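J.: Can you keep this structure in mind? I'll have questions shortly.
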Protein chains: 2
Amino acid sequence: MVSIHDLPTPALVVDLDVLDRNLARMQARCDELGVALRPHVKTHKCVEIGRMQRDLGARGITVATLEEARAFANAGFDDITWAFPVIPGRITEAREIAERTTLRLLVESRAAIEALERERAPFHAWLEVDCGDHRSGVDPESDEAVALARALASSATLIFDGILTHAGHSYRTAGSEGRLRVAREERDVMVRLADRLRSEGVEVRDVSVGSTPGMTAVDHLDKVTEARPGNYAYFDATQVALGSCGAGDCALTVCASVVSSALDHAVVDAGALALSKDVGHGNGRPSMGRLYGDYVAGSLRDDARLTSLSQEHGVVDAPLHVGSRVRILPNHSCLTNACFDRVHAARGEDVVDVWRVRRER
Amino acid sequence: MVSIHDLPTPALVVDLDVLDRNLARMQARCDELGVALRPHVKTHKCVEIGRMQRDLGARGITVATLEEARAFANAGFDDITWAFPVIPGRITEAREIAERTTLRLLVESRAAIEALERERAPFHAWLEVDCGDHRSGVDPESDEAVALARALASSATLIFDGILTHAGHSYRTAGSEGRLRVAREERDVMVRLADRLRSEGVEVRDVSVGSTPGMTAVDHLDKVTEARPGNYAYFDATQVALGSCGAGDCALTVCASVVSSALDHAVVDAGALALSKDVGHGNGRPSMGRLYGDYVAGSLRDDARLTSLSQEHGVVDAPLHVGSRVRILPNHSCLTNACFDRVHAARGEDVVDVWRVRRER
C-alpha cells in the first residue's frame, strides 16, 4: 500500500472519509429540504465520485463543459444538465451527446433559441435566470423572461425543462447571514418567476437552484424542485472563509515538498500549475493556499501560509526544512483539481485508489 | 483546411508567423550578445516548438518539471536543465531520465547536495543563485555560496556545471529602464560571483541567466555564457505591459464565443480553466485578458476587456453579439497554454497543424 507520504510531489489527494461524509450530508440536506440533488461534477470531474453521488440518491448530474458531458455520458450517466449558456458553434456536438443520453441545455437569449431550433432536434432546455449575480441569465422581472419561457414551451422541437439559476453572488458574502440572505433571494426570485409564468399559462416543470454556500445556509426550499451544488464534495479555503464548512470538512489537498528555505520564507513544489492562481475569499488575511499543521487530521496552521505562486514555485511566509513535506488546502478546489490528471484517493495515510480527473480540453 | 473561425471554442491558437519571428529574433539577440540560448520550454510545452528552437541554434533546453523533462527526453532532446530546486523525493526519477539524456539539476542547499550524493550517480548540477528575486537560490554575497560551489566542484559523484539564476523580479519593474536595471543587476551579480569563485580556486564552467524581460532590455552579457528566456516564444499581455514586446508580437491567443450579452457586459466561454486566473502586471488598467479588435491582425481593443473569470465564464465589460467570436490575449501565456491539451498552429486564418501540449501531471 502506497502512503500519501511517499507520493511524488506535487500530488492531488482526496480524503475519502471526509468525501463520504460530505456527500452523505448534502444528500441528507436535500432530502430534508425536499429537493432533488443534481450535483455539479465540475468540482471533481471524476466518474467514480459521480457514481458515489448517484448511489446516494442524486438525480442526474450537472456539468460545465461539453467535454465533461461527453466523459460522463460515456461512463453511463443518463441525465446531464450542461449548466452553461449554450455555445452556438457547438450545438452539433451537443446533439451527438444528446442522442445517447438526456442532455439538458441552458438558454437565456433569443439567439440561442433560434440556434437550437435550426438544428431541428428534441433538445431539453432550461431557461437560465439571473437571480442577482448579474453574470448570465435573463432578468426575472422582465417581459423578456416570459417571452423566452413561452418561446421554449411552445417550440415545435424543444422540450422546456423549467427555470434554472446560480447564485454566484453567494461567494461575495460574509457570514451565515450573508449566505442565508442570498439563498433566500435566489429561492424567492425563482419561485416568484415560476408563479408568474404559470399565471401566464406557461407550464414550468422544474425550478433549479444551487450553490454550496446557499445550500448550507438556506432555511427552506418550498416550491423549488432541485439543487445543483458542486463544491461541497471537496470544499476549500474559500468555503471555510465563507462559513459553509470547517477546515476539517475539506477533502481535497495537495501534498508538496519543501525545496528551498531562507530566514523568512520557504519554497514548495506547488505553484500556479498545481493550485491555480485563485486568490480566494476577500475577507481575512490574504493567502494563495493554507498549510495543514497535521499532515493527516487537517488542522490549519496560522504561522505559515502560501503568499505567492509562480508557475511551479509556491512561496511560504515561514522557514521550513528542505526535504520535508507539507499538505496544502487550496483556495478553490475546483480549479486545483483541474491542474491534475489524477487524484489519489486516501483512507487516512493509505492511498487506496487513483482516479482520473476528466480535465481534457 | 480548417479555419480558426471554425474551431470549437474555447480553442488555443498560435500564430506561426509571429512565433517564427519571435524565435528567430531571440536567437539573433543571443548570437549578438555572445551567449548560448537554452530556451525555457515551460511556456509552450510542445516538442515541435522545441525542435524549431533547436534548429535555429538553441543549445539545450530548460524545463520546469520532471514531467516536461521526461516528455522532451522521450522526443530526443539530449541536453536538459531542470530549472527548479531539486525535489529530494524525486531524485530516483531524475536519475532514470539522466540515464538517457544529459539532465542538469539545480541545487541551492546542503540538504540537496547530500540527497544527490546519496544516490551515487553522476548528476550534472548548477548552483542556483538569488540575484535579487528572493525566491530561491543562495545569497551570492554569502560564504555559503562559496562553500556550496566548492562542495559541488569537489564532489566525488556530481558534475559542477556552473552558476545559474533567474531574475524573477524583472516582472515587478516598469518601463525599459526598470528591465535594464534588473538585467544588469542579474548579470553583474553573477559575473562577480563567478570571479570570486574562480579566485577561490573553484572552476566555474558556465554562467546562466535568463528572463524574457531582461533579455529584451540588457545592453551586454560579457562573461555570461548562456541565457534561458522562455516566454518570448509567445509573449503575452504582461510582457506588453512591461514593454518587452508590442501587442503584434504576441503569438498565443484563445478563440472564444460570446454566449450571453447584457446592457453593460457580455459572457464568453473562456474562464479560469481556459485562461488561468493570473491577474497580469500591476501597472495600468486591471484586466484578466485583452480582446483583439481584429481577429487576425492582432490590434487590441480598449473599449472591452475581460474583467472577471469564473471556472468557465469570462465576463467582458461591454455588450457583444451572442454567437460572435472573440480572440483573447492572455495575461500569462505560460499558464494559459497549460490549460489545454493541444494548440492549433495557424498561418493567418488557416489551421495548418495541431500540436500536443505536454501538460501531463
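Residue numbering restarts at 1 for every chain of the C-alpha cells, chains are lettered A, B, ... in their displayed order, and ligands are numbered from 1 as they appear.
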Counting only C-alpha atoms, collect the residues of chain B whose closest atom lies at most 7 Å from chain A, and write them out as a list in words.

T.: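 Close to chain A, chain B has Pro8, Ala64, Pro85, Val86, Ile87, Pro88, Gly89, Arg90, Ala111, Ser136, Ser257, Val259, Ser260, Val267, Lys277, Asp278, Glu312, Val322, Gly323, Phe340, Asp341, Glu360 and Arg361 of chain B.
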
J.: Store the residues of this selection in a file with N, CA and C atoms, as a compact mmCIF listing (two decimals), in the first residue's frame.

T.:
```txt
# COMPACT_ATOMS: atom_id res chain seq x y z
N PRO B 8 -13.96 24.62 -32.53
CA PRO B 8 -14.80 24.60 -31.33
C PRO B 8 -14.14 25.46 -30.25
N ALA B 64 10.69 23.03 -16.43
CA ALA B 64 10.32 23.39 -15.07
C ALA B 64 9.98 22.18 -14.21
N PRO B 85 14.61 23.94 -7.91
CA PRO B 85 15.44 23.31 -6.86
C PRO B 85 15.08 21.83 -6.76
N VAL B 86 16.05 20.97 -6.82
CA VAL B 86 15.79 19.54 -6.90
C VAL B 86 14.85 19.09 -5.77
N ILE B 87 13.87 18.26 -6.13
CA ILE B 87 12.90 17.77 -5.16
C ILE B 87 13.49 16.49 -4.56
N PRO B 88 13.83 16.50 -3.25
CA PRO B 88 14.54 15.36 -2.67
C PRO B 88 13.85 14.02 -2.91
N GLY B 89 12.52 13.98 -2.88
CA GLY B 89 11.81 12.71 -3.04
C GLY B 89 11.74 12.21 -4.48
N ARG B 90 12.26 12.99 -5.43
CA ARG B 90 12.13 12.58 -6.84
C ARG B 90 13.48 12.40 -7.53
N ALA B 111 21.28 20.35 2.03
CA ALA B 111 20.40 19.17 2.04
C ALA B 111 20.26 18.58 0.64
N SER B 136 14.15 31.62 -4.52
CA SER B 136 15.08 30.55 -4.14
C SER B 136 16.47 30.94 -4.61
N SER B 257 -16.23 32.17 -27.82
CA SER B 257 -17.54 32.56 -28.36
C SER B 257 -18.29 33.37 -27.31
N VAL B 259 -21.52 34.00 -25.41
CA VAL B 259 -22.67 33.15 -25.11
C VAL B 259 -23.79 33.91 -24.41
N SER B 260 -23.51 35.13 -23.96
CA SER B 260 -24.52 35.90 -23.24
C SER B 260 -24.15 37.36 -23.37
N VAL B 267 -20.69 37.67 -21.75
CA VAL B 267 -20.00 36.49 -21.21
C VAL B 267 -19.46 35.68 -22.39
N LYS B 277 -6.12 32.26 -13.81
CA LYS B 277 -6.55 33.46 -13.07
C LYS B 277 -5.38 34.39 -12.80
N ASP B 278 -4.37 34.37 -13.64
CA ASP B 278 -3.25 35.30 -13.46
C ASP B 278 -3.77 36.72 -13.66
N GLU B 312 -15.69 28.59 -15.98
CA GLU B 312 -15.81 28.52 -17.45
C GLU B 312 -16.33 29.81 -18.06
N VAL B 322 -24.27 37.75 -29.13
CA VAL B 322 -24.28 36.32 -28.83
C VAL B 322 -24.05 35.55 -30.14
N GLY B 323 -23.12 34.62 -30.08
CA GLY B 323 -22.79 33.83 -31.26
C GLY B 323 -21.58 34.36 -32.01
N PHE B 340 -4.68 23.73 -21.80
CA PHE B 340 -5.17 22.98 -22.96
C PHE B 340 -4.30 21.75 -23.23
N ASP B 341 -4.92 20.74 -23.84
CA ASP B 341 -4.20 19.54 -24.26
C ASP B 341 -3.52 19.73 -25.61
N GLU B 360 0.96 16.98 -18.93
CA GLU B 360 0.66 15.89 -18.02
C GLU B 360 1.24 16.14 -16.63
N ARG B 361 0.42 15.79 -15.63
CA ARG B 361 0.90 15.95 -14.24
C ARG B 361 0.19 14.93 -13.39
```

J.: Present chain A as a compact mmCIF listing (two decimals) with C-alpha atoms, in the first residue's frame, least-squares fitted onto chain B over all of its C-alpha atoms paired in order.

T.:
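The result, written out as out_18.txt:
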```txt
# COMPACT_ATOMS: atom_id res chain seq x y z
CA MET A 1 -8.30 23.36 -44.35
CA VAL A 2 -9.91 24.27 -41.02
CA SER A 3 -10.15 27.98 -40.28
CA ILE A 4 -9.56 29.43 -36.82
CA HIS A 5 -13.09 30.83 -37.18
CA ASP A 6 -14.50 27.28 -37.19
CA LEU A 7 -12.64 25.79 -34.22
CA PRO A 8 -14.82 24.61 -31.33
CA THR A 9 -14.36 27.21 -28.60
CA PRO A 10 -12.53 27.80 -26.37
CA ALA A 11 -9.53 26.99 -28.59
CA LEU A 12 -5.84 27.68 -28.11
CA VAL A 13 -4.20 29.13 -31.23
CA VAL A 14 -0.58 30.01 -32.01
CA ASP A 15 0.12 32.40 -34.87
CA LEU A 16 3.04 30.76 -36.69
CA ASP A 17 4.23 33.89 -38.46
CA VAL A 18 4.60 35.65 -35.12
CA LEU A 19 6.13 32.57 -33.47
CA ASP A 20 8.72 32.20 -36.25
CA ARG A 21 9.68 35.85 -35.89
CA ASN A 22 9.91 35.67 -32.09
CA LEU A 23 12.10 32.57 -32.17
CA ALA A 24 14.44 33.97 -34.82
CA ARG A 25 14.75 37.31 -33.06
CA MET A 26 15.73 35.84 -29.70
CA GLN A 27 18.27 33.53 -31.32
CA ALA A 28 19.76 36.51 -33.17
CA ARG A 29 19.75 38.50 -29.93
CA CYS A 30 21.68 35.76 -28.12
CA ASP A 31 24.12 35.42 -31.01
CA GLU A 32 24.68 39.17 -30.90
CA LEU A 33 25.19 39.11 -27.12
CA GLY A 34 27.58 36.16 -27.44
CA VAL A 35 25.64 33.75 -25.26
CA ALA A 36 24.15 30.35 -25.92
CA LEU A 37 20.34 30.19 -25.88
CA ARG A 38 18.83 27.46 -23.71
CA PRO A 39 15.11 28.29 -24.09
CA HIS A 40 12.69 27.52 -21.29
CA VAL A 41 10.06 25.25 -22.81
CA LYS A 42 7.64 25.51 -19.88
CA THR A 43 5.99 28.31 -21.89
CA HIS A 44 4.85 26.11 -24.78
CA LYS A 45 5.44 22.50 -23.59
CA CYS A 46 5.46 21.49 -27.29
CA VAL A 47 8.22 19.29 -28.68
CA GLU A 48 7.52 20.74 -32.13
CA ILE A 49 8.40 24.24 -30.95
CA GLY A 50 11.41 22.92 -29.03
CA ARG A 51 12.67 21.46 -32.32
CA MET A 52 12.16 24.81 -34.07
CA GLN A 53 14.23 26.48 -31.34
CA ARG A 54 16.94 23.82 -31.64
CA ASP A 55 17.03 24.11 -35.42
CA LEU A 56 17.57 27.87 -35.10
CA GLY A 57 20.61 27.30 -32.88
CA ALA A 58 19.44 26.76 -29.31
CA ARG A 59 21.94 24.78 -27.22
CA GLY A 60 19.87 22.54 -24.98
CA ILE A 61 16.57 23.39 -23.34
CA THR A 62 15.25 24.34 -19.92
CA VAL A 63 12.26 22.66 -18.26
CA ALA A 64 10.32 23.40 -15.07
CA THR A 65 9.17 19.89 -14.12
CA LEU A 66 10.29 16.28 -14.33
CA GLU A 67 7.23 15.58 -16.47
CA GLU A 68 8.48 18.10 -19.04
CA ALA A 69 11.99 16.63 -18.80
CA ARG A 70 10.61 13.15 -19.47
CA ALA A 71 8.46 14.26 -22.41
CA PHE A 72 11.30 16.14 -24.10
CA ALA A 73 13.86 13.40 -23.38
CA ASN A 74 11.48 10.91 -24.99
CA ALA A 75 11.33 13.21 -28.03
CA GLY A 76 15.11 13.11 -28.39
CA PHE A 77 16.21 16.27 -26.61
CA ASP A 78 19.63 15.40 -25.18
CA ASP A 79 20.60 18.38 -23.02
CA ILE A 80 18.01 19.46 -20.47
CA THR A 81 18.29 21.74 -17.45
CA TRP A 82 15.57 21.17 -14.86
CA ALA A 83 15.41 24.75 -13.57
CA PHE A 84 13.76 24.07 -10.22
CA PRO A 85 15.44 23.32 -6.88
CA VAL A 86 15.78 19.53 -6.92
CA ILE A 87 12.89 17.76 -5.16
CA PRO A 88 14.53 15.36 -2.69
CA GLY A 89 11.83 12.70 -3.03
CA ARG A 90 12.12 12.58 -6.84
CA ILE A 91 15.84 12.04 -7.31
CA THR A 92 15.42 8.43 -8.40
CA GLU A 93 13.06 9.58 -11.16
CA ALA A 94 15.62 12.20 -12.19
CA ARG A 95 18.27 9.49 -12.33
CA GLU A 96 16.16 7.40 -14.71
CA ILE A 97 15.88 10.38 -17.07
CA ALA A 98 19.58 11.23 -16.64
CA GLU A 99 20.51 7.73 -17.82
CA ARG A 100 19.23 8.52 -21.32
CA THR A 101 19.85 12.27 -21.66
CA THR A 102 22.05 14.94 -20.13
CA LEU A 103 19.88 16.22 -17.28
CA ARG A 104 21.22 19.16 -15.29
CA LEU A 105 19.77 19.74 -11.82
CA LEU A 106 19.63 22.81 -9.58
CA VAL A 107 20.92 22.81 -6.02
CA GLU A 108 20.97 25.67 -3.54
CA SER A 109 21.18 23.90 -0.17
CA ARG A 110 23.39 21.48 1.70
CA ALA A 111 20.38 19.17 2.05
CA ALA A 112 20.01 18.96 -1.74
CA ILE A 113 23.69 18.14 -2.29
CA GLU A 114 23.55 15.42 0.35
CA ALA A 115 20.40 13.96 -1.19
CA LEU A 116 22.04 13.85 -4.64
CA GLU A 117 25.25 12.31 -3.30
CA ARG A 118 23.30 9.57 -1.55
CA GLU A 119 22.10 8.46 -4.99
CA ARG A 120 25.77 7.94 -6.08
CA ALA A 121 25.02 8.94 -9.69
CA PRO A 122 26.98 11.35 -11.94
CA PHE A 123 24.35 14.11 -11.84
CA HIS A 124 25.12 17.40 -13.53
CA ALA A 125 24.35 20.23 -11.11
CA TRP A 126 24.05 23.99 -11.28
CA LEU A 127 24.37 26.13 -8.17
CA GLU A 128 21.24 28.29 -8.09
CA VAL A 129 21.91 31.88 -7.09
CA ASP A 130 19.50 34.55 -5.82
CA CYS A 131 20.26 37.66 -7.89
CA GLY A 132 17.58 39.77 -6.20
CA ASP A 133 14.26 38.00 -6.68
CA HIS A 134 14.50 36.49 -3.16
CA ARG A 135 12.52 33.37 -4.04
CA SER A 136 15.08 30.55 -4.14
CA GLY A 137 18.84 30.39 -4.66
CA VAL A 138 21.86 31.01 -2.46
CA ASP A 139 22.86 34.55 -1.42
CA PRO A 140 25.72 35.43 -3.80
CA GLU A 141 27.49 37.55 -1.17
CA SER A 142 27.45 34.80 1.45
CA ASP A 143 30.19 32.39 2.49
CA GLU A 144 27.59 29.69 1.90
CA ALA A 145 27.70 30.40 -1.85
CA VAL A 146 31.40 29.58 -1.96
CA ALA A 147 31.00 26.59 0.34
CA LEU A 148 28.23 25.07 -1.77
CA ALA A 149 30.09 25.70 -5.05
CA ARG A 150 33.18 24.09 -3.55
CA ALA A 151 31.13 21.11 -2.34
CA LEU A 152 29.74 20.64 -5.85
CA ALA A 153 33.09 21.11 -7.59
CA SER A 154 34.85 18.68 -5.26
CA SER A 155 32.09 16.08 -5.12
CA ALA A 156 33.18 12.54 -5.95
CA THR A 157 29.98 11.90 -7.90
CA LEU A 158 28.48 15.23 -9.04
CA ILE A 159 29.51 17.27 -12.09
CA PHE A 160 29.50 21.02 -11.39
CA ASP A 161 28.09 22.88 -14.41
CA GLY A 162 28.34 26.41 -13.07
CA ILE A 163 26.07 29.05 -11.59
CA LEU A 164 22.52 29.87 -12.63
CA THR A 165 19.95 32.49 -11.72
CA HIS A 166 16.52 33.76 -12.71
CA ALA A 167 15.71 37.46 -12.29
CA GLY A 168 12.04 36.95 -11.48
CA HIS A 169 11.95 40.49 -10.08
CA SER A 170 12.20 41.78 -13.65
CA TYR A 171 8.43 41.11 -13.69
CA ARG A 172 7.94 43.71 -10.94
CA THR A 173 9.51 46.56 -12.94
CA ALA A 174 8.03 49.23 -15.20
CA GLY A 175 9.47 50.53 -18.44
CA SER A 176 12.70 49.73 -20.27
CA GLU A 177 14.82 51.40 -17.58
CA GLY A 178 13.43 49.05 -14.97
CA ARG A 179 14.03 45.99 -17.10
CA LEU A 180 17.55 47.18 -17.96
CA ARG A 181 18.36 47.86 -14.30
CA VAL A 182 17.33 44.35 -13.22
CA ALA A 183 19.06 42.71 -16.19
CA ARG A 184 22.31 44.50 -15.34
CA GLU A 185 21.97 43.53 -11.68
CA GLU A 186 21.40 39.90 -12.68
CA ARG A 187 24.46 39.91 -14.93
CA ASP A 188 26.73 41.80 -12.54
CA VAL A 189 25.81 39.67 -9.53
CA MET A 190 26.57 36.51 -11.46
CA VAL A 191 29.81 37.71 -13.02
CA ARG A 192 31.02 38.94 -9.62
CA LEU A 193 30.23 35.59 -8.03
CA ALA A 194 31.93 33.67 -10.85
CA ASP A 195 35.05 35.81 -10.45
CA ARG A 196 35.01 35.30 -6.68
CA LEU A 197 34.63 31.54 -7.00
CA ARG A 198 37.45 31.35 -9.52
CA SER A 199 39.68 33.44 -7.25
CA GLU A 200 38.95 30.89 -4.55
CA GLY A 201 40.04 28.10 -6.85
CA VAL A 202 36.61 26.82 -7.86
CA GLU A 203 36.29 26.24 -11.59
CA VAL A 204 33.05 27.73 -12.96
CA ARG A 205 32.29 26.45 -16.45
CA ASP A 206 29.06 28.26 -17.21
CA VAL A 207 27.20 31.35 -16.06
CA SER A 208 23.50 31.10 -16.86
CA VAL A 209 20.96 33.93 -16.65
CA GLY A 210 17.64 34.48 -18.16
CA SER A 211 14.27 36.05 -18.32
CA THR A 212 12.35 37.46 -21.24
CA PRO A 213 12.06 41.01 -19.81
CA GLY A 214 15.82 41.03 -19.14
CA MET A 215 16.91 39.61 -22.50
CA THR A 216 14.92 42.20 -24.42
CA ALA A 217 16.52 45.07 -22.42
CA VAL A 218 20.09 44.14 -21.48
CA ASP A 219 22.99 46.11 -23.03
CA HIS A 220 25.68 43.38 -22.89
CA LEU A 221 26.24 39.95 -21.36
CA ASP A 222 30.05 39.83 -21.21
CA LYS A 223 31.29 36.88 -19.13
CA VAL A 224 27.82 35.30 -19.16
CA THR A 225 27.74 32.06 -21.20
CA GLU A 226 24.05 31.23 -21.63
CA ALA A 227 20.54 32.63 -21.32
CA ARG A 228 17.26 30.83 -20.58
CA PRO A 229 14.31 33.05 -21.59
CA GLY A 230 11.07 31.18 -22.32
CA ASN A 231 8.09 33.48 -22.57
CA TYR A 232 9.49 35.25 -25.68
CA ALA A 233 8.15 32.44 -27.88
CA TYR A 234 4.58 33.53 -27.19
CA PHE A 235 4.78 36.78 -25.19
CA ASP A 236 1.51 37.94 -23.55
CA ALA A 237 -0.34 40.92 -22.05
CA THR A 238 2.10 41.03 -19.13
CA GLN A 239 5.07 41.40 -21.48
CA VAL A 240 3.23 44.11 -23.40
CA ALA A 241 2.67 45.97 -20.11
CA LEU A 242 6.35 45.52 -19.20
CA GLY A 243 7.43 46.82 -22.60
CA SER A 244 9.24 43.60 -23.58
CA CYS A 245 7.19 43.50 -26.80
CA GLY A 246 4.29 45.05 -28.64
CA ALA A 247 0.79 43.64 -29.00
CA GLY A 248 1.65 42.43 -32.51
CA ASP A 249 4.43 40.23 -31.12
CA CYS A 250 2.06 38.06 -29.09
CA ALA A 251 1.68 34.63 -30.69
CA LEU A 252 -0.72 32.82 -28.35
CA THR A 253 -4.43 33.59 -28.20
CA VAL A 254 -7.62 31.93 -27.11
CA CYS A 255 -10.54 31.93 -29.52
CA ALA A 256 -13.83 32.17 -27.63
CA SER A 257 -17.54 32.57 -28.34
CA VAL A 258 -19.95 35.10 -26.91
CA VAL A 259 -22.69 33.15 -25.10
CA SER A 260 -24.53 35.91 -23.24
CA SER A 261 -24.88 39.66 -23.51
CA ALA A 262 -26.51 42.34 -21.37
CA LEU A 263 -26.60 46.15 -21.48
CA ASP A 264 -23.22 46.62 -19.82
CA HIS A 265 -21.40 43.31 -20.20
CA ALA A 266 -21.10 40.04 -22.06
CA VAL A 267 -20.02 36.50 -21.22
CA VAL A 268 -17.60 34.42 -23.28
CA ASP A 269 -16.78 30.71 -22.98
CA ALA A 270 -13.21 31.31 -21.77
CA GLY A 271 -12.95 31.35 -17.99
CA ALA A 272 -10.34 30.43 -15.42
CA LEU A 273 -9.80 26.96 -16.95
CA ALA A 274 -9.10 28.45 -20.39
CA LEU A 275 -7.02 31.48 -19.40
CA SER A 276 -5.79 30.94 -15.79
CA LYS A 277 -6.55 33.45 -13.07
CA ASP A 278 -3.25 35.29 -13.46
CA VAL A 279 -4.03 38.96 -12.77
CA GLY A 280 -1.23 40.22 -15.00
CA HIS A 281 1.05 43.17 -14.48
CA GLY A 282 0.10 45.58 -11.70
CA ASN A 283 0.58 48.71 -13.82
CA GLY A 284 -2.25 50.03 -15.94
CA ARG A 285 -5.96 49.23 -16.06
CA PRO A 286 -6.56 45.82 -14.49
CA SER A 287 -7.88 43.06 -16.70
CA MET A 288 -7.98 39.28 -16.80
CA GLY A 289 -7.27 39.27 -20.54
CA ARG A 290 -7.41 41.61 -23.53
CA LEU A 291 -9.65 41.36 -26.59
CA TYR A 292 -8.34 41.65 -30.11
CA GLY A 293 -10.08 44.21 -32.28
CA ASP A 294 -9.13 42.42 -35.46
CA TYR A 295 -9.46 38.65 -35.32
CA VAL A 296 -6.33 38.06 -37.38
CA ALA A 297 -4.02 41.05 -37.27
CA GLY A 298 -3.77 41.43 -33.54
CA SER A 299 -4.57 45.02 -32.55
CA LEU A 300 -6.02 45.24 -29.04
CA ARG A 301 -9.38 46.76 -28.12
CA ASP A 302 -9.50 49.42 -25.43
CA ASP A 303 -13.30 49.54 -25.16
CA ALA A 304 -13.73 45.94 -23.99
CA ARG A 305 -11.66 43.81 -21.63
CA LEU A 306 -12.14 40.68 -19.59
CA THR A 307 -12.83 41.87 -16.06
CA SER A 308 -13.51 38.63 -14.17
CA LEU A 309 -13.26 34.91 -14.69
CA SER A 310 -15.12 32.08 -13.05
CA GLN A 311 -14.45 28.43 -13.88
CA GLU A 312 -15.83 28.52 -17.44
CA HIS A 313 -17.28 32.05 -17.75
CA GLY A 314 -15.29 35.10 -18.81
CA VAL A 315 -17.01 38.45 -18.21
CA VAL A 316 -16.31 41.28 -20.68
CA ASP A 317 -17.14 44.86 -19.68
CA ALA A 318 -19.06 45.65 -22.88
CA PRO A 319 -22.05 44.16 -24.71
CA LEU A 320 -21.19 41.82 -27.60
CA HIS A 321 -23.34 39.81 -30.03
CA VAL A 322 -24.32 36.32 -28.83
CA GLY A 323 -22.80 33.83 -31.25
CA SER A 324 -19.99 36.13 -32.36
CA ARG A 325 -16.40 35.19 -31.67
CA VAL A 326 -13.58 36.99 -29.92
CA ARG A 327 -9.86 36.38 -29.76
CA ILE A 328 -8.26 36.87 -26.36
CA LEU A 329 -4.71 37.82 -25.47
CA PRO A 330 -3.98 36.17 -22.10
CA ASN A 331 -2.22 37.85 -19.21
CA HIS A 332 0.22 34.97 -18.84
CA SER A 333 0.75 32.75 -21.86
CA CYS A 334 2.63 30.01 -19.93
CA LEU A 335 -0.35 29.41 -17.63
CA THR A 336 -2.95 29.77 -20.40
CA ASN A 337 -1.07 27.28 -22.56
CA ALA A 338 -1.17 24.75 -19.72
CA CYS A 339 -4.99 24.94 -19.69
CA PHE A 340 -5.18 22.98 -22.95
CA ASP A 341 -4.20 19.54 -24.25
CA ARG A 342 -3.46 20.88 -27.71
CA VAL A 343 -2.61 24.08 -29.54
CA HIS A 344 -3.76 24.92 -33.06
CA ALA A 345 -0.89 26.18 -35.22
CA ALA A 346 -2.25 28.76 -37.67
CA ARG A 347 -0.91 30.68 -40.67
CA GLY A 348 -3.20 33.66 -40.79
CA GLU A 349 -6.69 32.15 -40.53
CA ASP A 350 -5.73 28.61 -41.59
CA VAL A 351 -5.02 25.90 -39.05
CA VAL A 352 -2.05 24.06 -40.54
CA ASP A 353 -1.18 21.77 -37.63
CA VAL A 354 -2.28 20.69 -34.15
CA TRP A 355 0.38 20.12 -31.51
CA ARG A 356 0.15 18.36 -28.18
CA VAL A 357 0.77 20.46 -25.08
CA ARG A 358 2.74 18.24 -22.69
CA ARG A 359 0.89 19.32 -19.61
CA GLU A 360 0.65 15.88 -18.01
CA ARG A 361 0.88 15.94 -14.21
```

J.: Out of stretch 11-169 of chain B, which residues get strand (DSSP E) from DSSP, as a ChimeraX atom specification?

T.: /B:11-15,36-37,61-63,79-85,102-107,124-129,159-165

J.: Write out as an NGL selection string all residues of stretch 8-238 of chain B that DSSP puts in helix (DSSP H, G or I) for this structure's backbone.

T.: :B and (16-33 or 47-56 or 66-74 or 88-98 or 110-118 or 143-153 or 168-172 or 175-199 or 212-215 or 231-233 or 237-238)
